[in-house]
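Note sheet for the following structure.
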Amino acid sequence: MKSSFAVNASFHKKIKGLEVEVLGGVKGQLEDIAKTAVDLSPVDTGAYVTSFSYTVGAGRPRGKNSANRPTATAPEGQMTEGYDNLVKDISRIKSLEDLENIELRNGSPHADDVEYGKSGGYWKNTEGYYVFTQLRNIYG
């Protein structure tokens with residue numbers, strides 16, 4: 001004996017509604033992480049803070065070099081640009097499948113120096129800001 005049943009349209013609408021709700025929640029969390037990353041970042045030339053990107057689909061990561069760039073006269077503007085870049089990346093997420101492999105990265109050539117510190121060379125002597133370490137501590 002063979003049996004079957006039909007799933008009505010309201011079930012599919014409920015599933016779609018749940019997907020939209022979950023996706024909205026994830027995007028909200030990604031925006032929180034973006035805001036925290038920008039807030040924790042040092043701003044000298046703005047190259048580091050504007051080099052954050054979320055990997056969403058194909059595309060090249062952002063990476064600006066601070067060499068020969070003047071000190072930012074308005075660090076808030078650089079921070080806003082960095083955050084806006086990340087929000088644009090988040091807006092490219094259209095479905096839960098886009099979230100299978102999403103990563104926050106900083107493509108600036110001196111990202112490791114900012115994270116862990118450096119002495120000598122063109123980069124200032126610093127102790128390190130540990131931006132990604134702090135993000136892991138906050139968000140897991």
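Residue numbering restarts at 1 in every chain; chains get A, B, ... in the order shown in the structure tokens, and ligands count up from 1 in that same order.
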Backbone-only DSSP, helix (DSSP H, G or I) members of chain A, as a PyMOL selection string: chain A and resi 9-40+49-51+75-91+96-99+111-116+131-139
All residues 9 Å or closer to Val56 (chain A), only C-alpha atoms, same chain fewer than 4 positions away omitted, as an MDAnalysis selection string: chainID A and resid 89:90 92:93 98:99 101:103
Would you save the residues from that selection as a JSON list (two decimals), in the first residue's frame, using N, CA and C atoms?
```json
[["chain", "number", "residue", "atom", "x", "y", "z"],
["A", 89, "ASP", "N", 28.90, 44.70, 2.54],
["A", 89, "ASP", "CA", 29.16, 43.26, 2.40],
["A", 89, "ASP", "C", 27.99, 42.45, 2.95],
["A", 90, "ILE", "N", 27.48, 42.85, 4.10],
["A", 90, "ILE", "CA", 26.36, 42.14, 4.73],
["A", 90, "ILE", "C", 25.12, 42.22, 3.84],
["A", 92, "ARG", "N", 24.94, 42.04, 0.80],
["A", 92, "ARG", "CA", 25.05, 41.10, -0.32],
["A", 92, "ARG", "C", 24.60, 39.69, 0.07],
["A", 93, "ILE", "N", 24.37, 39.46, 1.35],
["A", 93, "ILE", "CA", 23.89, 38.14, 1.80],
["A", 93, "ILE", "C", 22.41, 38.06, 1.50],
["A", 98, "ASP", "N", 24.37, 31.62, 1.73],
["A", 98, "ASP", "CA", 25.49, 32.56, 1.62],
["A", 98, "ASP", "C", 26.33, 32.58, 2.90],
["A", 99, "LEU", "N", 25.77, 32.06, 3.98],
["A", 99, "LEU", "CA", 26.44, 32.09, 5.27],
["A", 99, "LEU", "C", 27.26, 30.84, 5.56],
["A", 101, "ASN", "N", 30.07, 29.93, 4.55],
["A", 101, "ASN", "CA", 31.47, 30.22, 4.79],
["A", 101, "ASN", "C", 31.68, 31.73, 4.74],
["A", 102, "ILE", "N", 31.37, 32.39, 5.84],
["A", 102, "ILE", "CA", 31.57, 33.84, 5.90],
["A", 102, "ILE", "C", 32.68, 34.12, 6.90],
["A", 103, "GLU", "N", 33.53, 35.05, 6.56],
["A", 103, "GLU", "CA", 34.70, 35.33, 7.37],
["A", 103, "GLU", "C", 34.95, 36.83, 7.40]]
```
Residues of region 9-135 of chain A in strand (DSSP E or B), written as a list in words: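 DSSP-assigned strand (DSSP E or B) residues in region 9-135 of chain A: Phe52, Ser53, Tyr54, Leu104, Arg105, Asn106, Lys118 and Thr126 of chain A.
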Two-atom distance - CA of Tyr48 (chain A), CA of Ala111 (chain A) (Å):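 These two atoms are separated by 6.7 Å.
The interatomic distance for the pair CA of Gly24 (chain A) and CA of Glu97 (chain A) works out to 13.5 Å.
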